[in-house]
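Trainee: My structure file target06.cif, mmCIF, C-alpha atoms, is below:
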data_query
loop_
_atom_site.group_PDB
_atom_site.id
_atom_site.type_symbol
_atom_site.label_atom_id
_atom_site.label_comp_id
_atom_site.auth_asym_id
_atom_site.auth_seq_id
_atom_site.Cartn_x
_atom_site.Cartn_y
_atom_site.Cartn_z
ATOM 1 C CA LEU A 14 24.311 -9.148 -1.806
ATOM 2 C CA THR A 15 21.556 -9.844 -4.308
ATOM 3 C CA ASN A 16 19.282 -11.058 -1.515
ATOM 4 C CA LEU A 17 20.000 -7.928 0.544
ATOM 5 C CA LEU A 18 19.385 -5.673 -2.468
ATOM 6 C CA GLY A 19 16.093 -7.446 -3.124
ATOM 7 C CA LEU A 20 15.051 -7.049 0.518
ATOM 8 C CA LEU A 21 15.942 -3.367 0.599
ATOM 9 C CA LEU A 22 14.163 -2.674 -2.692
ATOM 10 C CA GLY A 23 11.095 -4.626 -1.580
ATOM 11 C CA PHE A 24 10.912 -2.865 1.764
ATOM 12 C CA ALA A 25 11.404 0.527 0.088
ATOM 13 C CA LEU A 26 8.442 -0.258 -2.166
ATOM 14 C CA LEU A 27 6.476 -1.371 0.892
ATOM 15 C CA ALA A 28 7.173 1.918 2.688
ATOM 16 C CA LYS A 29 6.302 3.933 -0.436
ATOM 17 C CA HIS A 30 2.980 2.126 -0.924
ATOM 18 C CA PHE A 31 2.192 2.496 2.785
ATOM 19 C CA GLU A 32 2.825 6.248 2.618
ATOM 20 C CA GLU A 33 0.719 6.551 -0.559
ATOM 21 C CA SER A 34 -2.137 4.677 1.126
ATOM 22 C CA ARG A 35 -2.610 7.862 3.201
ATOM 23 C CA ILE A 36 -2.872 5.871 6.441
ATOM 24 C CA PRO A 37 0.048 7.829 7.969
ATOM 25 C CA SER A 38 -1.873 11.042 7.272
ATOM 26 C CA LEU A 39 -4.686 9.845 9.551
ATOM 27 C CA LEU A 40 -2.432 8.851 12.468
ATOM 28 C CA PRO A 41 -2.283 12.350 14.010
ATOM 29 C CA ASN A 42 -5.944 11.836 14.943
ATOM 30 C CA TYR A 43 -4.880 8.941 17.176
ATOM 31 C CA LEU A 44 -1.429 9.985 18.447
ATOM 32 C CA PRO A 45 -0.990 12.324 21.435
ATOM 33 C CA ASP A 46 -0.139 15.898 20.420
ATOM 34 C CA ASP A 47 2.998 16.359 22.517
ATOM 35 C CA TRP A 48 6.261 14.375 22.811
ATOM 36 C CA LYS A 49 4.244 11.352 23.882
ATOM 37 C CA GLY A 50 2.961 11.035 20.312
ATOM 38 C CA ALA A 51 6.523 10.640 19.064
ATOM 39 C CA PHE A 52 7.144 8.054 21.776
ATOM 40 C CA VAL A 53 3.947 6.130 20.924
ATOM 41 C CA LEU A 54 5.160 6.018 17.320
ATOM 42 C CA LEU A 55 8.428 4.422 18.518
ATOM 43 C CA VAL A 56 6.410 1.871 20.515
ATOM 44 C CA MET A 57 4.372 1.102 17.380
ATOM 45 C CA ILE A 58 7.602 0.490 15.447
ATOM 46 C CA PHE A 59 8.857 -1.724 18.295
ATOM 47 C CA VAL A 60 5.693 -3.858 18.125
ATOM 48 C CA LEU A 61 5.660 -3.915 14.316
ATOM 49 C CA SER A 62 9.223 -5.206 14.330
ATOM 50 C CA SER A 63 8.235 -8.157 16.496
ATOM 51 C CA PHE A 64 6.508 -9.774 13.517
ATOM 52 C CA LEU A 65 8.175 -8.018 10.569
ATOM 53 C CA ASP A 66 11.773 -7.700 9.529
ATOM 54 C CA ASN A 67 13.620 -4.903 11.346
ATOM 55 C CA ILE A 68 14.378 -3.097 8.086
ATOM 56 C CA ALA A 69 10.716 -3.146 7.037
ATOM 57 C CA ALA A 70 9.591 -1.820 10.418
ATOM 58 C CA ALA A 71 12.182 0.963 10.300
ATOM 59 C CA MET A 72 11.197 1.976 6.770
ATOM 60 C CA ILE A 73 7.485 1.998 7.578
ATOM 61 C CA GLY A 74 8.238 3.968 10.763
ATOM 62 C CA GLY A 75 10.302 6.443 8.774
ATOM 63 C CA ALA A 76 7.459 6.895 6.279
ATOM 64 C CA ILE A 77 5.016 7.547 9.120
ATOM 65 C CA ALA A 78 7.409 9.969 10.834
ATOM 66 C CA HIS A 79 7.948 11.838 7.565
ATOM 67 C CA THR A 80 4.206 12.391 7.308
ATOM 68 C CA VAL A 81 3.293 13.215 10.923
ATOM 69 C CA PHE A 82 6.278 15.555 11.375
ATOM 70 C CA ARG A 83 5.747 17.241 7.988
ATOM 71 C CA GLY A 84 9.099 16.104 6.590
ATOM 72 C CA LYS A 85 11.102 17.541 9.521
ATOM 73 C CA VAL A 86 12.437 14.437 11.266
ATOM 74 C CA HIS A 87 15.445 14.986 13.533
ATOM 75 C CA ILE A 88 18.457 12.731 12.886
ATOM 76 C CA GLY A 89 18.350 11.592 16.522
ATOM 77 C CA TYR A 90 14.744 10.504 16.072
ATOM 78 C CA LEU A 91 15.697 8.596 12.911
ATOM 79 C CA ALA A 92 18.301 6.760 14.974
ATOM 80 C CA ALA A 93 15.598 6.026 17.567
ATOM 81 C CA ILE A 94 13.363 4.577 14.822
ATOM 82 C CA VAL A 95 16.156 2.203 13.816
ATOM 83 C CA ALA A 96 16.857 1.342 17.467
ATOM 84 C CA ALA A 97 13.143 0.679 18.130
ATOM 85 C CA SER A 98 12.919 -1.605 15.115
ATOM 86 C CA ASN A 99 15.980 -3.550 16.257
ATOM 87 C CA ALA A 100 14.808 -3.732 19.872
ATOM 88 C CA GLY A 101 11.359 -4.954 18.842
ATOM 89 C CA GLY A 102 12.815 -7.866 16.914
ATOM 90 C CA ALA A 103 15.112 -8.911 19.760
ATOM 91 C CA GLY A 104 12.766 -11.454 21.274
ATOM 92 C CA SER A 105 10.921 -12.463 18.149
ATOM 93 C CA VAL A 106 11.674 -15.505 16.054
ATOM 94 C CA VAL A 107 10.148 -13.794 13.029
ATOM 95 C CA GLY A 108 11.256 -10.155 13.186
ATOM 96 C CA ASP A 109 14.988 -10.712 13.585
ATOM 97 C CA THR A 110 17.390 -12.793 11.501
ATOM 98 C CA THR A 111 19.483 -13.955 14.456
ATOM 99 C CA THR A 112 16.552 -15.224 16.492
ATOM 100 C CA THR A 113 15.061 -16.835 13.371
ATOM 101 C CA MET A 114 18.305 -18.765 12.908
ATOM 102 C CA MET A 115 18.170 -19.822 16.573
ATOM 103 C CA TRP A 116 14.593 -21.043 16.078
ATOM 104 C CA ILE A 117 15.582 -23.048 12.998
ATOM 105 C CA ALA A 118 18.447 -24.576 15.029
ATOM 106 C CA GLY A 119 15.922 -25.859 17.572
ATOM 107 C CA VAL A 120 15.939 -23.135 20.256
ATOM 108 C CA SER A 121 12.443 -22.653 21.628
ATOM 109 C CA PRO A 122 10.809 -19.292 20.806
ATOM 110 C CA PHE A 123 10.061 -18.971 24.531
ATOM 111 C CA ASP A 124 13.796 -19.009 25.301
ATOM 112 C CA VAL A 125 14.257 -15.654 23.548
ATOM 113 C CA LEU A 126 11.235 -13.942 25.104
ATOM 114 C CA GLU A 127 13.346 -12.660 28.005
ATOM 115 C CA ALA A 128 15.152 -10.470 25.477
ATOM 116 C CA TYR A 129 12.030 -8.284 25.485
ATOM 117 C CA ILE A 130 12.738 -7.201 29.062
ATOM 118 C CA ALA A 131 16.054 -5.616 28.087
ATOM 119 C CA ALA A 132 14.596 -4.347 24.824
ATOM 120 C CA GLY A 133 11.686 -2.691 26.661
ATOM 121 C CA VAL A 134 14.049 -0.970 29.083
ATOM 122 C CA ALA A 135 16.199 0.160 26.161
ATOM 123 C CA LEU A 136 13.105 1.586 24.434
ATOM 124 C CA LEU A 137 12.406 3.726 27.493
ATOM 125 C CA VAL A 138 16.051 4.818 27.807
ATOM 126 C CA PHE A 139 16.465 6.004 24.208
ATOM 127 C CA GLY A 140 12.826 6.556 23.245
ATOM 128 C CA ILE A 141 11.808 9.226 25.733
ATOM 129 C CA PRO A 142 14.794 11.544 25.088
ATOM 130 C CA ALA A 143 14.473 11.035 21.319
ATOM 131 C CA ALA A 144 10.725 11.782 21.416
ATOM 132 C CA ARG A 145 11.321 14.955 23.431
ATOM 133 C CA GLN A 146 14.077 16.026 21.033
ATOM 134 C CA GLN A 147 11.794 15.424 18.024
ATOM 135 C CA HIS A 148 8.987 17.392 19.683
ATOM 136 C CA ARG A 149 11.331 20.375 20.161
ATOM 137 C CA HIS A 150 12.550 20.059 16.562
ATOM 138 C CA SER A 151 9.139 19.670 14.908
ATOM 139 C CA PRO A 152 5.999 18.918 16.931
ATOM 140 C CA ILE A 153 3.639 16.252 15.716
ATOM 141 C CA THR A 154 0.792 17.387 13.483
ATOM 142 C CA LYS A 155 -2.139 18.025 15.831
ATOM 143 C CA ASP A 156 -4.941 16.718 13.633
ATOM 144 C CA ALA A 157 -5.149 15.101 10.238
ATOM 145 C CA ALA A 158 -6.254 17.264 7.354
ATOM 146 C CA ALA A 159 -9.947 17.009 6.570
ATOM 147 C CA GLY A 160 -11.106 14.881 3.668
ATOM 148 C CA ILE A 161 -8.317 12.300 3.648
ATOM 149 C CA ILE A 162 -9.473 9.146 1.904
ATOM 150 C CA ILE A 163 -7.525 5.911 2.311
ATOM 151 C CA ASP A 164 -6.285 4.438 -0.978
ATOM 152 C CA TRP A 165 -7.306 0.814 -0.546
ATOM 153 C CA ALA A 166 -5.364 -0.343 -3.629
ATOM 154 C CA HIS A 167 -2.130 0.721 -1.918
ATOM 155 C CA VAL A 168 -3.282 -0.906 1.324
ATOM 156 C CA GLY A 169 -3.816 -4.126 -0.634
ATOM 157 C CA VAL A 170 -0.285 -3.963 -2.061
ATOM 158 C CA VAL A 171 1.122 -3.376 1.448
ATOM 159 C CA ALA A 172 -0.878 -6.304 2.840
ATOM 160 C CA ALA A 173 0.265 -8.589 0.005
ATOM 161 C CA ILE A 174 3.929 -7.679 0.557
ATOM 162 C CA LEU A 175 3.623 -8.195 4.339
ATOM 163 C CA VAL A 176 1.879 -11.555 3.973
ATOM 164 C CA ALA A 177 4.499 -12.701 1.456
ATOM 165 C CA ALA A 178 7.342 -11.577 3.735
ATOM 166 C CA ILE A 179 5.864 -13.356 6.762
ATOM 167 C CA LEU A 180 5.169 -16.551 4.807
ATOM 168 C CA ALA A 181 8.666 -16.522 3.295
ATOM 169 C CA ASN A 182 10.157 -16.124 6.758
#
Let me see the file written as structure tokens.
Mentor:
Amino acid sequence: LTNLLGLLLGFALLAKHFEESRIPSLLPNYLPDDWKGAFVLLVMIFVLSSFLDNIAAAMIGGAIAHTVFRGKVHIGYLAAIVAASNAGGAGSVVGDTTTTMMWIAGVSPFDVLEAYIAAGVALLVFGIPAARQQHRHSPITKDAAAGIIIDWAHVGVVAAILVAAILAN
């Protein structure tokens, strides 16, 4: 329980520093303006989870969603964020506890790669409806506000936490 509490607290701090770095505020410049932007965000979380812990990817994704949807994130989209983070770690020996344990037990990382096929299909099945639902609930911000400056100190903290988490894994 102490380990889990430490992980959750650490990942909450990671998400908070990432949000305060103002990087999420710039993402609307790069994401599509319609429901596809919400779907691309789910794909980003999926990929992020392949080399980070699922909880960290979900918390970072939630922080990004909070910013790009102006605090109006639909509960169904939150569930999709969690599902994308779990699906992304399915075939990774780093981003998922179960596959990490398999790797430590001697299972080749290539043996779990086929899990990405099912995970990719699942992302399409839940991601598209969730992205459309989120777009109806609160469309993505069309463009970032002018004059946003990235806080590099917060980016440094995020990078340090991520490097420590990957090395510890």
Trainee: Using the chain letters and numbers from the file, which residues does the PyMOL selection byres ((chain A and resi 56) around 12) grab, as a PDB file with C-alpha atoms, in the coordinates of the input?
Mentor:
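What ended up in part.pdb:
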ATOM      1  CA  LEU A  44      -1.429   9.985  18.447  1.00  0.00           C
ATOM      2  CA  LYS A  49       4.244  11.352  23.882  1.00  0.00           C
ATOM      3  CA  GLY A  50       2.961  11.035  20.312  1.00  0.00           C
ATOM      4  CA  ALA A  51       6.523  10.640  19.064  1.00  0.00           C
ATOM      5  CA  PHE A  52       7.144   8.054  21.776  1.00  0.00           C
ATOM      6  CA  VAL A  53       3.947   6.130  20.924  1.00  0.00           C
ATOM      7  CA  LEU A  54       5.160   6.018  17.320  1.00  0.00           C
ATOM      8  CA  LEU A  55       8.428   4.422  18.518  1.00  0.00           C
ATOM      9  CA  MET A  57       4.372   1.102  17.380  1.00  0.00           C
ATOM     10  CA  ILE A  58       7.602   0.490  15.447  1.00  0.00           C
ATOM     11  CA  PHE A  59       8.857  -1.724  18.295  1.00  0.00           C
ATOM     12  CA  VAL A  60       5.693  -3.858  18.125  1.00  0.00           C
ATOM     13  CA  LEU A  61       5.660  -3.915  14.316  1.00  0.00           C
ATOM     14  CA  SER A  62       9.223  -5.206  14.330  1.00  0.00           C
ATOM     15  CA  SER A  63       8.235  -8.157  16.496  1.00  0.00           C
ATOM     16  CA  ALA A  70       9.591  -1.820  10.418  1.00  0.00           C
ATOM     17  CA  ALA A  71      12.182   0.963  10.300  1.00  0.00           C
ATOM     18  CA  GLY A  74       8.238   3.968  10.763  1.00  0.00           C
ATOM     19  CA  ALA A  93      15.598   6.026  17.567  1.00  0.00           C
ATOM     20  CA  ILE A  94      13.363   4.577  14.822  1.00  0.00           C
ATOM     21  CA  VAL A  95      16.156   2.203  13.816  1.00  0.00           C
ATOM     22  CA  ALA A  96      16.857   1.342  17.467  1.00  0.00           C
ATOM     23  CA  ALA A  97      13.143   0.679  18.130  1.00  0.00           C
ATOM     24  CA  SER A  98      12.919  -1.605  15.115  1.00  0.00           C
ATOM     25  CA  ASN A  99      15.980  -3.550  16.257  1.00  0.00           C
ATOM     26  CA  ALA A 100      14.808  -3.732  19.872  1.00  0.00           C
ATOM     27  CA  GLY A 101      11.359  -4.954  18.842  1.00  0.00           C
ATOM     28  CA  ALA A 132      14.596  -4.347  24.824  1.00  0.00           C
ATOM     29  CA  GLY A 133      11.686  -2.691  26.661  1.00  0.00           C
ATOM     30  CA  VAL A 134      14.049  -0.970  29.083  1.00  0.00           C
ATOM     31  CA  ALA A 135      16.199   0.160  26.161  1.00  0.00           C
ATOM     32  CA  LEU A 136      13.105   1.586  24.434  1.00  0.00           C
ATOM     33  CA  LEU A 137      12.406   3.726  27.493  1.00  0.00           C
ATOM     34  CA  PHE A 139      16.465   6.004  24.208  1.00  0.00           C
ATOM     35  CA  GLY A 140      12.826   6.556  23.245  1.00  0.00           C
ATOM     36  CA  ILE A 141      11.808   9.226  25.733  1.00  0.00           C
ATOM     37  CA  ALA A 144      10.725  11.782  21.416  1.00  0.00           C
TER      38      ALA A 144
END
Trainee: From the options A:Met72, A:Leu27, A:Ala103, A:Ala128, which residue's atoms come nearest to A:Ala177, counting all atoms listed in the file?
Mentor: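 Looking at the shortest contact to A:Ala177, the residue is A:Leu27.
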Trainee: With the PyMOL selection byres ((chain A and resi 164) around 9) as the selection, what would be picked from this file? Answer as a list in words, please.
Mentor: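 This file, filtered by the PyMOL selection byres ((chain A and resi 164) around 9), leaves Glu33, Ser34, Arg35, Ile36, Ile162, Ile163, Trp165, Ala166, His167, Val168 and Gly169 of chain A.
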Trainee: Using all atoms listed in the file, can you tell me which of A:Tyr43, A:Val86, A:Asp66, A:Gly104 comes closest to A:His148?
Mentor: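 Among the listed residues, the smallest separation from A:His148 belongs to A:Val86.
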Trainee: Can you list, as a VMD selection string, every protein, DNA or RNA residue that comes within 10 Å of A:Gln146 when you count all atoms listed in the file, leaving out same-chain residues fewer than 6 positions away?
Mentor: chain A and resid 48 51 87 to 90 140 152
Trainee: Near A:Asp156, counting only C-alpha atoms, which residues have an atom at most 10 Å away, once you skip same-chain residues fewer than 5 positions from it, shown as a PyMOL selection string?
Mentor: chain A and resi 38-46+81
Trainee: Please rebuild stretch 122-156 of chain A with N, CA and C atoms and return the result as a short mmCIF file (atom, residue, chain, number, x, y, z; two decimals), in the coordinates of the input.
Mentor:
data_model
loop_
_atom_site.label_atom_id
_atom_site.label_comp_id
_atom_site.auth_asym_id
_atom_site.auth_seq_id
_atom_site.Cartn_x
_atom_site.Cartn_y
_atom_site.Cartn_z
N PRO A 122 11.13 -20.73 20.85
CA PRO A 122 10.81 -19.29 20.81
C PRO A 122 10.64 -18.68 22.19
N PHE A 123 10.25 -19.49 23.17
CA PHE A 123 10.06 -18.97 24.53
C PHE A 123 11.40 -18.65 25.21
N ASP A 124 12.48 -19.27 24.72
CA ASP A 124 13.80 -19.01 25.30
C ASP A 124 14.31 -17.61 24.97
N VAL A 125 13.79 -17.00 23.92
CA VAL A 125 14.26 -15.65 23.55
C VAL A 125 13.31 -14.56 24.02
N LEU A 126 12.20 -14.95 24.64
CA LEU A 126 11.24 -13.94 25.10
C LEU A 126 11.82 -13.01 26.16
N GLU A 127 12.76 -13.51 26.97
CA GLU A 127 13.35 -12.66 28.00
C GLU A 127 14.12 -11.48 27.40
N ALA A 128 14.47 -11.59 26.14
CA ALA A 128 15.15 -10.47 25.48
C ALA A 128 14.26 -9.23 25.44
N TYR A 129 12.94 -9.43 25.50
CA TYR A 129 12.03 -8.28 25.48
C TYR A 129 12.15 -7.42 26.74
N ILE A 130 12.58 -8.00 27.84
CA ILE A 130 12.74 -7.20 29.06
C ILE A 130 13.81 -6.14 28.84
N ALA A 131 14.98 -6.57 28.36
CA ALA A 131 16.05 -5.62 28.09
C ALA A 131 15.67 -4.68 26.96
N ALA A 132 14.99 -5.19 25.95
CA ALA A 132 14.60 -4.35 24.82
C ALA A 132 13.58 -3.29 25.26
N GLY A 133 12.66 -3.66 26.15
CA GLY A 133 11.69 -2.69 26.66
C GLY A 133 12.34 -1.59 27.48
N VAL A 134 13.31 -1.97 28.31
CA VAL A 134 14.05 -0.97 29.08
C VAL A 134 14.82 -0.06 28.14
N ALA A 135 15.45 -0.65 27.13
CA ALA A 135 16.20 0.16 26.16
C ALA A 135 15.28 1.14 25.44
N LEU A 136 14.07 0.69 25.09
CA LEU A 136 13.10 1.59 24.43
C LEU A 136 12.81 2.80 25.30
N LEU A 137 12.64 2.60 26.59
CA LEU A 137 12.41 3.73 27.49
C LEU A 137 13.63 4.64 27.57
N VAL A 138 14.82 4.04 27.64
CA VAL A 138 16.05 4.82 27.81
C VAL A 138 16.33 5.70 26.59
N PHE A 139 16.19 5.17 25.38
CA PHE A 139 16.46 6.00 24.21
C PHE A 139 15.22 6.67 23.65
N GLY A 140 14.04 6.06 23.87
CA GLY A 140 12.83 6.56 23.24
C GLY A 140 12.31 7.86 23.81
N ILE A 141 12.33 8.00 25.12
CA ILE A 141 11.81 9.23 25.73
C ILE A 141 12.66 10.44 25.36
N PRO A 142 14.00 10.38 25.50
CA PRO A 142 14.79 11.54 25.09
C PRO A 142 14.66 11.85 23.59
N ALA A 143 14.61 10.81 22.76
CA ALA A 143 14.47 11.04 21.32
C ALA A 143 13.12 11.67 20.99
N ALA A 144 12.06 11.22 21.66
CA ALA A 144 10.72 11.78 21.42
C ALA A 144 10.66 13.25 21.85
N ARG A 145 11.28 13.55 22.96
CA ARG A 145 11.32 14.96 23.43
C ARG A 145 12.13 15.82 22.45
N GLN A 146 13.24 15.29 21.99
CA GLN A 146 14.08 16.03 21.03
C GLN A 146 13.30 16.28 19.74
N GLN A 147 12.58 15.26 19.24
CA GLN A 147 11.79 15.42 18.02
C GLN A 147 10.68 16.45 18.24
N HIS A 148 10.06 16.43 19.41
CA HIS A 148 8.99 17.39 19.68
C HIS A 148 9.52 18.83 19.67
N ARG A 149 10.73 19.03 20.20
CA ARG A 149 11.33 20.38 20.16
C ARG A 149 11.69 20.77 18.73
N HIS A 150 12.12 19.79 17.94
CA HIS A 150 12.55 20.06 16.56
C HIS A 150 11.36 20.35 15.66
N SER A 151 10.34 19.51 15.73
CA SER A 151 9.14 19.67 14.91
C SER A 151 8.01 18.90 15.57
N PRO A 152 7.10 19.61 16.24
CA PRO A 152 6.00 18.92 16.93
C PRO A 152 5.14 18.11 15.96
N ILE A 153 4.51 17.10 16.52
CA ILE A 153 3.64 16.25 15.72
C ILE A 153 2.45 17.07 15.21
N THR A 154 1.98 16.74 14.02
CA THR A 154 0.79 17.39 13.48
C THR A 154 -0.37 17.14 14.44
N LYS A 155 -1.09 18.18 14.82
CA LYS A 155 -2.14 18.02 15.83
C LYS A 155 -3.32 17.19 15.34
N ASP A 156 -3.81 17.46 14.18
CA ASP A 156 -4.94 16.72 13.63
C ASP A 156 -4.71 16.48 12.15
#
